file data-v5.cif (mmCIF, C-alpha atoms; chains and numbers go by the auth columns)
data_work
#
loop_
_atom_site.group_PDB
_atom_site.id
_atom_site.type_symbol
_atom_site.label_atom_id
_atom_site.label_comp_id
_atom_site.label_asym_id
_atom_site.label_seq_id
_atom_site.Cartn_x
_atom_site.Cartn_y
_atom_site.Cartn_z
_atom_site.B_iso_or_equiv
_atom_site.auth_seq_id
_atom_site.auth_asym_id
ATOM 1 C CA MET A 1 -52.729 39.796 -87.911 0.00 44 N
ATOM 2 C CA ARG A 2 -55.021 42.295 -86.152 0.00 45 N
ATOM 3 C CA TYR A 3 -54.681 46.027 -86.798 0.00 46 N
ATOM 4 C CA PHE A 4 -55.976 49.168 -85.024 0.00 47 N
ATOM 5 C CA LYS A 5 -57.078 52.251 -86.915 0.00 48 N
ATOM 6 C CA SER A 6 -55.224 55.485 -86.118 0.00 49 N
ATOM 7 C CA LEU A 7 -55.255 59.026 -87.482 0.00 50 N
ATOM 8 C CA ASN A 8 -52.177 58.317 -89.561 0.00 51 N
ATOM 9 C CA GLY A 9 -53.058 54.854 -90.850 0.00 52 N
ATOM 10 C CA THR A 10 -53.007 51.459 -89.162 0.00 53 N
ATOM 11 C CA ILE A 11 -50.922 50.040 -86.303 0.00 54 N
ATOM 12 C CA SER A 12 -50.471 46.331 -85.730 0.00 55 N
ATOM 13 C CA ILE A 13 -51.288 44.889 -82.316 0.00 56 N
ATOM 14 C CA PHE A 14 -47.604 43.994 -82.000 0.00 57 N
ATOM 15 C CA GLY A 15 -46.774 47.685 -82.272 0.00 58 N
ATOM 16 C CA ILE A 16 -49.378 49.051 -79.871 0.00 59 N
ATOM 17 C CA VAL A 17 -48.740 46.611 -76.993 0.00 60 N
ATOM 18 C CA PRO A 18 -45.145 47.808 -76.359 0.00 61 N
ATOM 19 C CA PHE A 19 -46.412 51.398 -76.602 0.00 62 N
ATOM 20 C CA LEU A 20 -49.075 50.771 -73.933 0.00 63 N
ATOM 21 C CA ILE A 21 -46.542 49.058 -71.659 0.00 64 N
ATOM 22 C CA MET A 22 -44.210 52.058 -71.952 0.00 65 N
ATOM 23 C CA LEU A 23 -47.102 54.464 -71.286 0.00 66 N
ATOM 24 C CA PHE A 24 -48.272 52.636 -68.157 0.00 67 N
ATOM 25 C CA THR A 25 -44.683 52.389 -66.895 0.00 68 N
ATOM 26 C CA PHE A 26 -44.219 56.141 -67.353 0.00 69 N
ATOM 27 C CA ILE A 27 -47.446 56.897 -65.487 0.00 70 N
ATOM 28 C CA SER A 28 -46.642 54.553 -62.602 0.00 71 N
ATOM 29 C CA CYS A 29 -43.107 55.947 -62.255 0.00 72 N
ATOM 30 C CA LYS A 30 -44.155 59.586 -62.147 0.00 73 N
ATOM 31 C CA PRO A 31 -43.517 61.005 -58.663 0.00 74 N
ATOM 32 C CA LYS A 32 -46.594 61.688 -56.584 0.00 75 N
ATOM 33 C CA SER A 33 -47.467 65.329 -56.187 0.00 76 N
ATOM 34 C CA GLN A 34 -46.629 66.457 -52.688 0.00 77 N
ATOM 35 C CA ASN A 35 -48.526 69.216 -50.968 0.00 78 N
ATOM 36 C CA LEU A 36 -45.711 69.647 -48.443 0.00 79 N
ATOM 37 C CA PRO A 37 -43.257 72.415 -47.523 0.00 80 N
ATOM 38 C CA TYR A 38 -40.386 69.907 -47.526 0.00 81 N
ATOM 39 C CA LYS A 39 -38.809 70.205 -50.970 0.00 82 N
ATOM 40 C CA ILE A 40 -35.397 69.072 -52.168 0.00 83 N
ATOM 41 C CA GLY A 41 -32.838 71.857 -51.699 0.00 84 N
ATOM 42 C CA LYS A 42 -34.608 73.551 -48.768 0.00 85 N
ATOM 43 C CA THR A 43 -32.820 73.975 -45.434 0.00 86 N
ATOM 44 C CA PHE A 44 -34.731 74.268 -42.147 0.00 87 N
ATOM 45 C CA TYR A 45 -33.075 76.008 -39.172 0.00 88 N
ATOM 46 C CA PHE A 46 -34.058 75.346 -35.547 0.00 89 N
ATOM 47 C CA GLU A 47 -33.028 77.087 -32.344 0.00 90 N
ATOM 48 C CA VAL A 48 -32.550 74.407 -29.699 0.00 91 N
ATOM 49 C CA SER A 49 -33.119 75.275 -26.048 0.00 92 N
ATOM 50 C CA ILE A 50 -33.235 73.176 -22.914 0.00 93 N
ATOM 51 C CA ILE A 51 -35.274 73.767 -19.770 0.00 94 N
ATOM 52 C CA ASP A 52 -33.860 71.882 -16.823 0.00 95 N
ATOM 53 C CA LYS A 53 -35.737 72.665 -13.603 0.00 96 N
ATOM 54 C CA VAL A 54 -36.290 76.438 -13.968 0.00 97 N
ATOM 55 C CA ASN A 55 -33.550 77.622 -16.328 0.00 98 N
ATOM 56 C CA ARG A 56 -33.920 77.895 -20.084 0.00 99 N
ATOM 57 C CA VAL A 57 -30.653 77.810 -21.999 0.00 100 N
ATOM 58 C CA ILE A 58 -30.234 78.145 -25.757 0.00 101 N
ATOM 59 C CA VAL A 59 -27.674 75.502 -26.593 0.00 102 N
ATOM 60 C CA ASP A 60 -27.454 75.388 -30.374 0.00 103 N
ATOM 61 C CA THR A 61 -28.861 76.125 -33.807 0.00 104 N
ATOM 62 C CA ILE A 62 -29.177 72.967 -35.856 0.00 105 N
ATOM 63 C CA PHE A 63 -30.392 72.640 -39.402 0.00 106 N
ATOM 64 C CA PHE A 64 -31.055 70.065 -42.073 0.00 107 N
ATOM 65 C CA GLU A 65 -31.068 70.190 -45.859 0.00 108 N
ATOM 66 C CA ILE A 66 -33.382 67.913 -47.821 0.00 109 N
ATOM 67 C CA LYS A 67 -31.559 65.780 -50.357 0.00 110 N
ATOM 68 C CA ASN A 68 -32.506 63.255 -53.027 0.00 111 N
ATOM 69 C CA LYS A 69 -32.946 59.644 -52.013 0.00 112 N
ATOM 70 C CA GLY A 70 -29.505 58.447 -53.047 0.00 113 N
ATOM 71 C CA VAL A 71 -28.472 54.796 -52.725 0.00 114 N
ATOM 72 C CA LEU A 72 -29.377 54.448 -49.039 0.00 115 N
ATOM 73 C CA GLY A 73 -32.636 56.341 -49.435 0.00 116 N
ATOM 74 C CA ARG A 74 -33.756 54.131 -52.319 0.00 117 N
ATOM 75 C CA MET A 75 -33.108 51.073 -50.157 0.00 118 N
ATOM 76 C CA LEU A 76 -35.096 52.562 -47.270 0.00 119 N
ATOM 77 C CA GLY A 77 -37.763 54.215 -49.423 0.00 120 N
ATOM 78 C CA MET A 78 -37.159 57.748 -48.179 0.00 121 N
ATOM 79 C CA ASN A 79 -35.337 60.979 -48.943 0.00 122 N
ATOM 80 C CA MET A 80 -32.248 61.853 -46.940 0.00 123 N
ATOM 81 C CA VAL A 81 -31.429 64.950 -44.885 0.00 124 N
ATOM 82 C CA ASP A 82 -28.072 66.255 -43.685 0.00 125 N
ATOM 83 C CA TRP A 83 -28.194 67.520 -40.084 0.00 126 N
ATOM 84 C CA LYS A 84 -25.553 70.076 -39.042 0.00 127 N
ATOM 85 C CA SER A 85 -24.817 72.295 -36.049 0.00 128 N
ATOM 86 C CA LYS A 86 -23.746 75.948 -35.894 0.00 129 N
ATOM 87 C CA ILE A 87 -21.743 75.522 -32.696 0.00 130 N
ATOM 88 C CA ASN A 88 -20.131 72.200 -33.585 0.00 131 N
ATOM 89 C CA HIS A 89 -18.717 72.395 -37.096 0.00 132 N
ATOM 90 C CA LEU A 90 -17.382 68.843 -36.837 0.00 133 N
ATOM 91 C CA TYR A 91 -20.896 67.439 -36.397 0.00 134 N
ATOM 92 C CA GLY A 92 -22.740 66.032 -39.381 0.00 135 N
ATOM 93 C CA GLU A 93 -25.345 63.304 -39.571 0.00 136 N
ATOM 94 C CA GLU A 94 -27.365 61.785 -42.382 0.00 137 N
ATOM 95 C CA ARG A 95 -30.882 60.783 -41.456 0.00 138 N
ATOM 96 C CA GLY A 96 -34.098 60.094 -43.364 0.00 139 N
ATOM 97 C CA ILE A 97 -37.312 61.943 -44.097 0.00 140 N
ATOM 98 C CA ASN A 98 -40.404 60.056 -45.248 0.00 141 N
ATOM 99 C CA LEU A 99 -42.250 62.113 -47.835 0.00 142 N
ATOM 100 C CA ASP A 100 -45.459 60.830 -49.298 0.00 143 N
ATOM 101 C CA GLU A 101 -48.515 62.528 -50.693 0.00 144 N
ATOM 102 C CA ASN A 102 -49.589 65.003 -47.975 0.00 145 N
ATOM 103 C CA GLN A 103 -47.688 63.292 -45.157 0.00 146 N
ATOM 104 C CA VAL A 104 -44.236 63.629 -43.617 0.00 147 N
ATOM 105 C CA GLU A 105 -42.119 61.958 -40.922 0.00 148 N
ATOM 106 C CA ILE A 106 -38.666 63.251 -39.943 0.00 149 N
ATOM 107 C CA GLN A 107 -35.907 61.211 -38.323 0.00 150 N
ATOM 108 C CA MET A 108 -34.313 63.291 -35.577 0.00 151 N
ATOM 109 C CA PRO A 109 -30.532 63.436 -34.981 0.00 152 N
ATOM 110 C CA LEU A 110 -28.890 60.951 -32.623 0.00 153 N
ATOM 111 C CA LYS A 111 -25.283 62.083 -32.211 0.00 154 N
ATOM 112 C CA LEU A 112 -25.652 65.234 -30.092 0.00 155 N
ATOM 113 C CA ASN A 113 -24.960 64.767 -26.407 0.00 156 N
ATOM 114 C CA TYR A 114 -27.375 67.463 -25.201 0.00 157 N
ATOM 115 C CA LEU A 115 -30.209 65.418 -26.736 0.00 158 N
ATOM 116 C CA ASN A 116 -29.164 62.402 -24.648 0.00 159 N
ATOM 117 C CA PHE A 117 -28.368 60.634 -27.901 0.00 160 N
ATOM 118 C CA GLU A 118 -30.986 57.908 -28.652 0.00 161 N
ATOM 119 C CA ASP A 119 -33.350 59.197 -25.920 0.00 162 N
ATOM 120 C CA ILE A 120 -34.591 61.830 -28.381 0.00 163 N
ATOM 121 C CA VAL A 121 -36.400 59.173 -30.453 0.00 164 N
ATOM 122 C CA ILE A 122 -38.147 57.216 -27.668 0.00 165 N
ATOM 123 C CA ALA A 123 -41.305 59.285 -28.159 0.00 166 N
ATOM 124 C CA GLY A 124 -41.132 58.656 -31.904 0.00 167 N
ATOM 125 C CA TYR A 125 -40.436 60.950 -34.833 0.00 168 N
ATOM 126 C CA PRO A 126 -42.351 64.134 -35.700 0.00 169 N
ATOM 127 C CA LYS A 127 -45.010 63.153 -38.215 0.00 170 N
ATOM 128 C CA PHE A 128 -48.096 64.639 -39.772 0.00 171 N
ATOM 129 C CA SER A 129 -50.579 63.928 -42.556 0.00 172 N
ATOM 130 C CA ASP A 130 -53.848 65.356 -43.793 0.00 173 N
ATOM 131 C CA ILE A 131 -55.848 62.563 -42.155 0.00 174 N
ATOM 132 C CA MET A 132 -54.763 63.735 -38.686 0.00 175 N
ATOM 133 C CA LYS A 133 -57.762 65.850 -37.695 0.00 176 N
ATOM 134 C CA ILE A 134 -58.460 67.103 -34.154 0.00 177 N
ATOM 135 C CA GLY A 135 -59.171 64.116 -31.915 0.00 178 N
ATOM 136 C CA TRP A 136 -57.485 61.658 -34.297 0.00 179 N
ATOM 137 C CA THR A 137 -55.571 58.910 -32.490 0.00 180 N
ATOM 138 C CA SER A 138 -53.354 56.050 -33.586 0.00 181 N
ATOM 139 C CA GLU A 139 -51.087 53.366 -32.167 0.00 182 N
ATOM 140 C CA SER A 140 -47.943 52.172 -33.907 0.00 183 N
ATOM 141 C CA ASP A 141 -44.779 50.140 -33.338 0.00 184 N
ATOM 142 C CA HIS A 142 -41.262 51.491 -33.778 0.00 185 N
ATOM 143 C CA SER A 143 -38.565 48.817 -34.063 0.00 186 N
ATOM 144 C CA PHE A 144 -34.905 49.683 -33.569 0.00 187 N
ATOM 145 C CA LEU A 145 -32.018 47.836 -35.205 0.00 188 N
ATOM 146 C CA LYS A 146 -28.413 47.785 -34.059 0.00 189 N
ATOM 147 C CA GLY A 147 -26.807 51.172 -33.682 0.00 190 N
ATOM 148 C CA TYR A 148 -29.459 52.724 -31.436 0.00 191 N
ATOM 149 C CA GLY A 149 -27.646 52.172 -28.155 0.00 192 N
ATOM 150 C CA LYS A 150 -29.938 50.972 -25.375 0.00 193 N
ATOM 151 C CA LEU A 151 -32.861 50.872 -27.866 0.00 194 N
ATOM 152 C CA SER A 152 -31.216 48.299 -30.144 0.00 195 N
ATOM 153 C CA GLY A 153 -33.537 45.329 -30.664 0.00 196 N
ATOM 154 C CA LYS A 154 -36.458 46.956 -28.872 0.00 197 N
ATOM 155 C CA LYS A 155 -39.941 47.544 -30.283 0.00 198 N
ATOM 156 C CA LEU A 156 -41.578 50.604 -28.767 0.00 199 N
ATOM 157 C CA LYS A 157 -45.338 51.011 -28.825 0.00 200 N
ATOM 158 C CA LEU A 158 -46.329 54.604 -29.516 0.00 201 N
ATOM 159 C CA PHE A 159 -49.609 56.429 -29.004 0.00 202 N
ATOM 160 C CA SER A 160 -50.405 59.573 -31.024 0.00 203 N
ATOM 161 C CA LYS A 161 -53.230 62.067 -30.626 0.00 204 N
ATOM 162 C CA VAL A 162 -54.040 65.348 -32.375 0.00 205 N
ATOM 163 C CA LEU A 163 -54.926 67.593 -29.445 0.00 206 N
ATOM 164 C CA ASP A 164 -56.196 70.801 -30.999 0.00 207 N
ATOM 165 C CA SER A 165 -55.318 73.776 -33.170 0.00 208 N
ATOM 166 C CA SER A 166 -53.190 76.459 -31.592 0.00 209 N
ATOM 167 C CA SER A 167 -51.563 79.719 -32.646 0.00 210 N
ATOM 168 C CA TYR A 168 -47.798 80.080 -32.912 0.00 211 N
ATOM 169 C CA PHE A 169 -45.680 83.005 -34.102 0.00 212 N
ATOM 170 C CA TYR A 170 -43.013 82.466 -36.744 0.00 213 N
ATOM 171 C CA LYS A 171 -41.119 85.599 -37.809 0.00 214 N
ATOM 172 C CA HIS A 172 -43.887 87.763 -36.326 0.00 215 N
ATOM 173 C CA GLU A 173 -46.522 85.957 -38.368 0.00 216 N
ATOM 174 C CA GLU A 174 -49.292 84.295 -36.387 0.00 217 N
ATOM 175 C CA LEU A 175 -49.890 80.757 -37.588 0.00 218 N
ATOM 176 C CA ILE A 176 -52.695 78.335 -36.770 0.00 219 N
ATOM 177 C CA CYS A 177 -51.025 74.976 -36.240 0.00 220 N
ATOM 178 C CA LYS A 178 -52.181 71.432 -35.556 0.00 221 N
ATOM 179 C CA VAL A 179 -50.858 70.219 -32.216 0.00 222 N
ATOM 180 C CA THR A 180 -50.025 66.527 -31.859 0.00 223 N
ATOM 181 C CA GLU A 181 -48.711 64.559 -28.893 0.00 224 N
ATOM 182 C CA ILE A 182 -46.813 61.264 -29.173 0.00 225 N
ATOM 183 C CA LYS A 183 -45.620 59.121 -26.273 0.00 226 N
ATOM 184 C CA ASN A 184 -44.253 55.643 -25.671 0.00 227 N
ATOM 185 C CA VAL A 185 -46.637 53.322 -23.825 0.00 228 N
ATOM 186 C CA ASN A 186 -44.324 50.380 -23.123 0.00 229 N
ATOM 187 C CA TYR A 187 -40.896 49.995 -21.468 0.00 230 N
ATOM 188 C CA ILE A 188 -42.111 52.580 -18.935 0.00 231 N
ATOM 189 C CA ASP A 189 -40.382 50.857 -16.000 0.00 232 N
ATOM 190 C CA GLU A 190 -37.098 50.594 -17.874 0.00 233 N
ATOM 191 C CA LEU A 191 -37.001 53.818 -19.897 0.00 234 N
ATOM 192 C CA GLY A 192 -39.697 56.050 -18.454 0.00 235 N
ATOM 193 C CA CYS A 193 -42.377 57.884 -20.440 0.00 236 N
ATOM 194 C CA PHE A 194 -41.191 60.329 -23.112 0.00 237 N
ATOM 195 C CA TYR A 195 -43.483 62.889 -24.777 0.00 238 N
ATOM 196 C CA LEU A 196 -43.201 64.742 -28.063 0.00 239 N
ATOM 197 C CA LYS A 197 -45.512 67.700 -28.652 0.00 240 N
ATOM 198 C CA SER A 198 -45.374 69.074 -32.191 0.00 241 N
ATOM 199 C CA TYR A 199 -46.877 72.122 -33.894 0.00 242 N
ATOM 200 C CA TYR A 200 -47.363 71.709 -37.635 0.00 243 N
ATOM 201 C CA HIS A 201 -48.290 74.340 -40.229 0.00 244 N
ATOM 202 C CA LYS A 202 -49.121 73.493 -43.831 0.00 245 N
ATOM 203 C CA LEU A 203 -46.813 76.191 -45.289 0.00 246 N
ATOM 204 C CA TYR A 204 -43.820 75.889 -42.962 0.00 247 N
ATOM 205 C CA GLY A 205 -43.983 72.328 -41.648 0.00 248 N
ATOM 206 C CA PHE A 206 -42.964 71.693 -38.040 0.00 249 N
ATOM 207 C CA VAL A 207 -42.502 75.091 -36.407 0.00 250 N
ATOM 208 C CA LEU A 208 -42.185 73.859 -32.803 0.00 251 N
ATOM 209 C CA LEU A 209 -41.125 70.543 -31.283 0.00 252 N
ATOM 210 C CA GLN A 210 -41.125 69.975 -27.523 0.00 253 N
ATOM 211 C CA TYR A 211 -39.571 66.827 -26.079 0.00 254 N
ATOM 212 C CA ILE A 212 -40.352 66.151 -22.424 0.00 255 N
ATOM 213 C CA TYR A 213 -38.160 63.560 -20.737 0.00 256 N
ATOM 214 C CA PRO A 214 -39.099 61.589 -17.579 0.00 257 N
ATOM 215 C CA SER A 215 -36.630 63.786 -15.655 0.00 258 N
ATOM 216 C CA ASN A 216 -38.777 66.815 -16.673 0.00 259 N
ATOM 217 C CA LYS A 217 -35.955 67.977 -18.915 0.00 260 N
ATOM 218 C CA THR A 218 -37.610 69.743 -21.852 0.00 261 N
ATOM 219 C CA ILE A 219 -35.857 70.152 -25.199 0.00 262 N
ATOM 220 C CA THR A 220 -37.438 72.650 -27.586 0.00 263 N
ATOM 221 C CA PHE A 221 -36.820 73.057 -31.306 0.00 264 N
ATOM 222 C CA ARG A 222 -38.096 76.380 -32.665 0.00 265 N
ATOM 223 C CA LEU A 223 -38.108 76.984 -36.409 0.00 266 N
ATOM 224 C CA ILE A 224 -36.259 80.262 -37.047 0.00 267 N
ATOM 225 C CA ASP A 225 -35.600 80.210 -40.780 0.00 268 N
ATOM 226 C CA ILE A 226 -36.111 78.366 -44.061 0.00 269 N
ATOM 227 C CA GLN A 227 -33.716 78.820 -46.950 0.00 270 N
ATOM 228 C CA LYS A 228 -33.811 77.436 -50.464 0.00 271 N
ATOM 229 C CA LYS A 229 -30.706 76.680 -52.469 0.00 272 N
ATOM 230 C CA GLU A 230 -30.480 78.704 -55.661 0.00 273 N
ATOM 231 C CA PRO A 231 -30.573 76.558 -58.853 0.00 274 N
#

call {"tool": "encode", "arguments": {"input": "data-v5.cif", "output": "structure tokens"}}
result
Amino acid sequence: MRYFKSLNGTISIFGIVPFLIMLFTFISCKPKSQNLPYKIGKTFYFEVSIIDKVNRVIVDTIFFEIKNKGVLGRMLGMNMVDWKSKINHLYGEERGINLDENQVEIQMPLKLNYLNFEDIVIAGYPKFSDIMKIGWTSESDHSFLKGYGKLSGKKLKLFSKVLDSSSYFYKHEELICKVTEIKNVNYIDELGCFYLKSYYHKLYGFVLLQYIYPSNKTITFRLIDIQKKEP
């Protein structure tokens, strides 16, 4: 039998192999460090306004709290968020948030009529990562399963581009944000072209989201507060 020397004597190879397996398992299962503002227990509040033709109307304040993965999240490989509305206390919706090392993608709500339901996701979900520098572009596919209304079974092709850096004020603090535009590039004849313009800041996340529909209806989400649940 082979033995390994240690500070406290000798260990047989049959003793060290299980130890190494447990060590490697522990290392591989450790959660990745995330340099993101989206932490479990935080709640993000957005003022929602709609510009239709020339009028701007504030229609709601909606907010989401970041939860653990739970059963559904473990199946989908993402954390979950609970969306709620201040004007509609009966509304509640569980959606996902993809959190990886230095990148985030948020699933927007679907069950609010002023968002035109599934139309809100035709331009894709707000997403950002450290690799998205100014001028960065990408193309991706977004497949929809049953439950997405007229999008069920469709595969949208999306084009993303980081336009520039721009200033934005959050609680009287001027922030320099990365500005990204996403749009669908197929099903134009059937659905029209939808745009999502997002402003992302490394400390606060998405501070401004602007959805522009083919009808020129513009839906704006402005970050107005972030709260953290006390332990």

call {"tool": "resolve_selection", "arguments": {"input": "data-v5.cif", "expression": "the PyMOL selection byres ((chain N and resi 148) around 8)", "output": "list in words"}}
result
Ile140, Asn141, Leu142, Gln146, Val147, Ile149, Gln150, Tyr168, Pro169, Lys170 and Phe171 of chain N

call {"tool": "resolve_selection", "arguments": {"input": "data-v5.cif", "expression": "the PyMOL selection byres ((chain N and resi 182-195) around 9)", "output": "JSON, numbers by chain"}}
result
{"N": [153, 160, 161, 162, 165, 167, 180, 181, 196, 197, 198, 199, 200, 201, 202, 203]}

call {"tool": "atom_distance", "arguments": {"input": "data-v5.cif", "atom1": "CA of Phe249 (chain N)", "atom2": "CA of Thr263 (chain N)"}}
result
11.9 Å

call {"tool": "closest_residue", "arguments": {"input": "data-v5.cif", "among": "N:Gly135, N:Pro257, N:Gly248, N:Pro80", "to": "Leu234 (chain N)", "atoms": "only C-alpha atoms"}}
result
N:Pro257

call {"tool": "residues_around", "arguments": {"input": "data-v5.cif", "residues": "region 118-128 of chain N", "least_positions_apart": "2", "cutoff": "9 Å", "atoms": "all atoms listed in the file", "output": "PyMOL selection string"}}
result
chain N and resi 83+103-116+130-143+149-152

call {"tool": "atom_distance", "arguments": {"input": "data-v5.cif", "atom1": "CA of Phe237 (chain N)", "atom2": "CA of Gln253 (chain N)"}}
result
10.6 Å

call {"tool": "resolve_selection", "arguments": {"input": "data-v5.cif", "expression": "the PyMOL selection byres ((chain N and resi 93-102) around 8)", "output": "PyMOL selection string"}}
result
chain N and resi 90-92+103-104+259-263

call {"tool": "atom_distance", "arguments": {"input": "data-v5.cif", "atom1": "CA of Val250 (chain N)", "atom2": "CA of Tyr213 (chain N)"}}
result
7.4 Å

call {"tool": "closest_residue", "arguments": {"input": "data-v5.cif", "among": "N:Leu218, N:Leu155, N:Val205, N:Leu252", "to": "Phe264 (chain N)", "atoms": "all atoms listed in the file"}}
result
N:Leu252
